[in-house]
>>> print(open('work_6.cif').read())   # mmCIF, C-alpha atoms
data_structure
loop_
_atom_site.label_atom_id
_atom_site.label_comp_id
_atom_site.auth_asym_id
_atom_site.auth_seq_id
_atom_site.Cartn_x
_atom_site.Cartn_y
_atom_site.Cartn_z
CA MET S 1 69.87 45.98 -29.01
CA THR S 2 67.38 47.53 -31.34
CA LEU S 3 63.89 48.56 -30.50
CA ASN S 4 62.57 45.91 -32.90
CA ARG S 5 64.34 43.13 -31.01
CA ILE S 6 63.06 44.45 -27.66
CA ILE S 7 59.48 44.56 -28.91
CA MET S 8 59.77 41.08 -30.44
CA GLY S 9 61.23 39.77 -27.17
CA VAL S 10 58.37 41.25 -25.15
CA PHE S 11 55.73 39.88 -27.51
CA GLY S 12 57.45 36.51 -27.55
CA GLY S 13 57.49 36.44 -23.74
CA VAL S 14 53.80 37.34 -23.58
CA ALA S 15 52.97 34.67 -26.16
CA LEU S 16 54.96 32.10 -24.21
CA TYR S 17 53.19 33.13 -20.96
CA LEU S 18 49.74 32.93 -22.56
CA SER S 19 50.42 29.53 -24.08
CA ALA S 20 51.53 28.24 -20.68
CA CYS S 21 48.26 29.56 -19.17
CA SER S 22 46.17 27.65 -21.66
CA ASP S 23 47.40 24.39 -20.10
CA ALA S 24 46.25 25.48 -16.64
CA PRO S 25 43.55 23.34 -15.05
CA GLN S 26 40.05 24.44 -15.89
CA ILE S 27 37.43 25.09 -13.23
CA GLU S 28 34.85 22.34 -13.25
CA VAL S 29 31.28 23.13 -12.25
CA TYR S 30 28.97 20.52 -10.76
CA THR S 31 25.25 20.89 -10.26
CA ILE S 32 23.72 19.34 -7.18
CA PRO S 33 20.11 18.42 -7.87
CA ALA S 34 17.63 20.34 -5.76
CA GLU S 35 15.06 18.56 -3.64
CA PRO S 36 11.95 18.10 -5.78
CA ALA S 37 9.30 20.67 -5.06
CA PRO S 38 6.36 19.57 -2.90
CA PRO S 39 2.88 19.41 -4.40
CA GLU S 40 1.68 22.83 -5.62
CA ASN S 41 -1.06 23.15 -3.00
CA TRP S 42 1.42 22.83 -0.10
CA ASP S 43 2.21 26.20 1.48
CA LEU S 44 5.51 26.57 3.34
CA ALA S 45 5.01 27.13 7.09
CA THR S 46 7.32 27.73 10.02
CA PRO S 47 8.57 24.48 11.59
CA PHE S 48 7.47 23.92 15.18
CA GLY S 49 9.74 22.47 17.88
CA PRO S 50 12.01 19.74 16.52
CA GLU S 51 10.43 19.71 13.05
CA LYS S 52 12.80 20.03 10.12
CA ALA S 53 10.05 21.24 7.76
CA ARG S 54 6.35 22.09 7.85
CA TYR S 55 3.72 22.82 5.21
CA THR S 56 0.00 23.56 5.32
CA ILE S 57 -2.90 23.02 2.97
CA SER S 58 -6.08 25.07 3.35
CA GLU S 59 -9.22 24.58 1.32
CA GLY S 60 -11.97 26.84 2.63
CA LEU S 61 -14.93 24.78 3.79
CA ILE S 62 -13.10 21.46 3.52
CA GLY S 63 -10.62 22.56 6.20
CA SER S 64 -6.87 22.50 6.62
CA VAL S 65 -4.00 20.11 7.25
CA ASN S 66 -0.46 20.35 8.54
CA ILE S 67 2.31 18.33 6.96
CA SER S 68 5.52 17.97 8.91
CA MET S 69 8.84 16.16 8.88
CA THR S 70 11.01 15.58 11.93
CA VAL S 71 14.36 13.78 12.03
CA LEU S 72 15.64 12.39 15.34
CA GLN S 73 18.73 10.49 16.44
CA GLY S 74 18.38 6.75 17.02
CA ASP S 75 14.84 5.41 17.09
CA GLY S 76 13.35 8.70 18.32
CA GLY S 77 11.62 6.92 21.18
CA GLY S 78 10.51 3.87 19.24
CA MET S 79 7.57 2.88 17.08
CA LEU S 80 5.15 2.06 19.92
CA GLU S 81 5.87 5.24 21.89
CA ASN S 82 5.43 7.49 18.86
CA VAL S 83 2.23 5.82 17.69
CA ASN S 84 0.84 6.16 21.23
CA ARG S 85 1.91 9.82 21.36
CA TRP S 86 0.02 10.45 18.11
CA ARG S 87 -2.97 8.50 19.44
CA GLY S 88 -2.90 10.72 22.54
CA GLN S 89 -2.97 13.85 20.36
CA LEU S 90 -6.26 12.54 18.95
CA GLY S 91 -7.77 11.56 22.32
CA LEU S 92 -7.30 7.84 21.63
CA GLU S 93 -6.21 5.30 24.22
CA PRO S 94 -2.67 3.87 23.95
CA VAL S 95 -2.21 0.47 22.35
CA GLU S 96 -0.22 -2.45 23.70
CA GLY S 97 2.90 -3.60 21.89
CA LYS S 98 1.20 -6.85 20.85
CA ASP S 99 -1.51 -4.88 19.01
CA LEU S 100 0.80 -2.43 17.25
CA GLY S 101 1.63 -4.64 14.26
CA LYS S 102 -2.06 -4.81 13.25
CA MET S 103 -2.18 -1.00 12.99
CA LEU S 104 0.93 -0.51 10.86
CA LYS S 105 1.35 -0.79 7.11
CA PRO S 106 4.70 -0.97 5.28
CA VAL S 107 5.77 1.98 3.14
CA GLU S 108 7.77 0.28 0.40
CA ALA S 109 9.13 3.51 -1.10
CA LEU S 110 10.96 4.37 2.15
CA GLY S 111 12.64 1.06 2.87
CA GLY S 112 11.93 -2.17 4.69
CA GLU S 113 11.35 -0.74 8.19
CA ALA S 114 9.16 2.27 7.30
CA ARG S 115 5.62 2.00 8.67
CA LEU S 116 2.40 3.99 8.23
CA VAL S 117 -0.33 4.49 10.81
CA ASN S 118 -3.75 5.95 9.99
CA LEU S 119 -5.70 7.40 12.94
CA THR S 120 -8.90 9.41 13.43
CA GLY S 121 -10.05 10.95 16.68
CA THR S 122 -10.84 14.20 18.49
CA SER S 123 -7.87 16.56 18.60
CA LYS S 124 -6.90 17.54 22.13
CA ARG S 125 -5.77 20.91 20.76
CA SER S 126 -8.76 21.90 18.60
CA GLN S 127 -11.48 19.65 20.09
CA LEU S 128 -12.48 18.83 16.50
CA GLU S 129 -12.40 15.54 14.64
CA GLU S 130 -9.03 15.12 12.94
CA ARG S 131 -7.25 12.45 10.99
CA LEU S 132 -3.54 11.69 11.16
CA ILE S 133 -1.48 9.74 8.68
CA GLY S 134 1.94 9.24 10.19
CA VAL S 135 4.98 7.52 8.74
CA ILE S 136 7.96 6.39 10.80
CA ALA S 137 11.04 5.53 8.73
CA PRO S 138 14.19 4.35 10.55
CA GLN S 139 17.31 4.82 8.39
CA GLY S 140 20.68 4.08 9.93
CA GLU S 141 21.39 6.31 12.92
CA LEU S 142 18.32 8.50 12.26
CA THR S 143 14.55 8.09 12.26
CA TRP S 144 12.37 10.20 9.97
CA PHE S 145 8.84 11.08 11.10
CA TYR S 146 6.35 12.35 8.52
CA LYS S 147 2.89 13.50 9.56
CA LEU S 148 -0.21 14.60 7.65
CA MET S 149 -2.83 15.80 10.14
CA GLY S 150 -6.02 17.81 9.95
CA THR S 151 -9.60 17.77 8.71
CA PRO S 152 -10.47 14.16 7.78
CA ASP S 153 -11.78 14.98 4.28
CA LEU S 154 -8.73 17.06 3.37
CA VAL S 155 -6.34 14.46 4.80
CA GLU S 156 -8.05 11.87 2.58
CA LYS S 157 -7.78 14.17 -0.44
CA SER S 158 -4.09 14.95 0.31
CA GLN S 159 -2.92 11.45 1.22
CA GLU S 160 -1.80 10.37 -2.26
CA GLY S 161 0.36 13.46 -2.87
CA PHE S 162 1.83 13.17 0.64
CA LEU S 163 2.85 9.52 0.18
CA ARG S 164 4.18 10.15 -3.33
CA TYR S 165 6.39 13.03 -2.09
CA LEU S 166 7.90 11.22 0.93
CA PRO S 167 10.78 9.43 -0.88
CA ASN S 168 11.96 12.83 -2.23
CA TRP S 169 11.65 14.75 1.05
CA ARG S 170 15.03 15.09 2.77
#
>>> encode(input="work_6.cif", output="structure tokens")
Amino acid sequence: MTLNRIIMGVFGGVALYLSACSDAPQIEVYTIPAEPAPPENWDLATPFGPEKARYTISEGLIGSVNISMTVLQGDGGGMLENVNRWRGQLGLEPVEGKDLGKMLKPVEALGGEARLVNLTGTSKRSQLEERLIGVIAPQGELTWFYKLMGTPDLVEKSQEGFLRYLPNWR
């Protein structure tokens, strides 16, 4: 066998190998969309207790608010119990089940069972007037709790951005 034939055989083998490799499956790359960013004035904060996420907004003399999201198994204690817990945080008396429906508003963007409550009272923690906008959204085996709470004027100013972001917040 001549050197020419050996070299041609090697190159032929390499060419055959490379052509076989070109038919190999290609790696496919998928991009998973990221959760949309919260409003620009929301500062990331450390979640407290069972919260999944927490943000704050501070505006000097206007005050500050906390924005939180908690996800619990089942109904998380139920609509009435959670509304009364929030009322208690603001020094308000509990409501009876028969009066609850009058306090709640539907939140269409989160599904048929999502409800919003809007409360103002004196915070047991700070002893200052605070406002709370809370949303309870049952979804399957989980219940999502969203809360915007703080200085009444800043809660009012932040309410629209909060409600607009909720359907994207997971």
>>> closest_residue(input="work_6.cif", among="S:Gly63, S:Gly140, S:Pro152, S:Pro36", to="Glu113 of chain S", atoms="all atoms listed in the file")
S:Gly140
>>> residues_near_point(input="work_6.cif", point="(-1.1, -2.6, 14.6)", cutoff="12 Å", atoms="only C-alpha atoms", output="list of chain:residue names")
S:Met79, S:Leu80, S:Val83, S:Asn84, S:Pro94, S:Val95, S:Glu96, S:Gly97, S:Lys98, S:Asp99, S:Leu100, S:Gly101, S:Lys102, S:Met103, S:Leu104, S:Lys105, S:Pro106, S:Arg115, S:Leu116, S:Val117, S:Asn118, S:Leu119
>>> atom_distance(input="work_6.cif", atom1="atom CA of Glu35 of chain S", atom2="atom CA of Pro167 of chain S")
10.5 Å
>>> resolve_selection(input="work_6.cif", expression="the PyMOL selection byres ((chain S and resi 146) around 9)", output="list of chain:residue names")
S:Ile67, S:Ser68, S:Met69, S:Thr70, S:Val71, S:Ile133, S:Gly134, S:Val135, S:Ile136, S:Ala137, S:Trp144, S:Phe145, S:Lys147, S:Leu148, S:Leu166
>>> atom_distance(input="work_6.cif", atom1="atom CA of Gly77 of chain S", atom2="atom CA of Pro50 of chain S")
13.6 Å
>>> atom_distance(input="work_6.cif", atom1="atom CA of Val65 of chain S", atom2="atom CA of Leu154 of chain S")
6.8 Å
>>> closest_residue(input="work_6.cif", among="S:Ile27, S:Ala114, S:Leu128, S:Val107", to="Thr143 of chain S", atoms="only C-alpha atoms")
S:Ala114
>>> closest_residue(input="work_6.cif", among="S:Glu93, S:Glu160, S:Asp43, S:Glu28", to="Ser64 of chain S", atoms="only C-alpha atoms")
S:Asp43
>>> resolve_selection(input="work_6.cif", expression="the PyMOL selection byres ((chain S and resi 91) around 8)", output="JSON, numbers by chain")
{"S": [87, 88, 89, 90, 92, 93, 121, 122, 123, 124]}
>>> resolve_selection(input="work_6.cif", expression="the PyMOL selection byres ((chain S and resi 158) around 12)", output="PyMOL selection string")
chain S and resi 38-42+56-59+62-67+131-133+147-157+159-165
>>> axis_aligned_box(input="work_6.cif", around="segment 125-133 of chain S", padding_each_side="5 Å", output="AutoDock Vina command-line options")
--center_x -7.0 --center_y 15.8 --center_z 14.7 --size_x 21.0 --size_y 22.2 --size_z 22.1
>>> residues_around(input="work_6.cif", residues="Gly74 of chain S", least_positions_apart="4", cutoff="9 Å", atoms="all atoms listed in the file", output="PyMOL selection string")
chain S and resi 78+138-143
>>> closest_residue(input="work_6.cif", among="S:Leu72, S:Tyr30, S:Pro25, S:Trp86", to="Glu51 of chain S", atoms="all atoms listed in the file")
S:Leu72
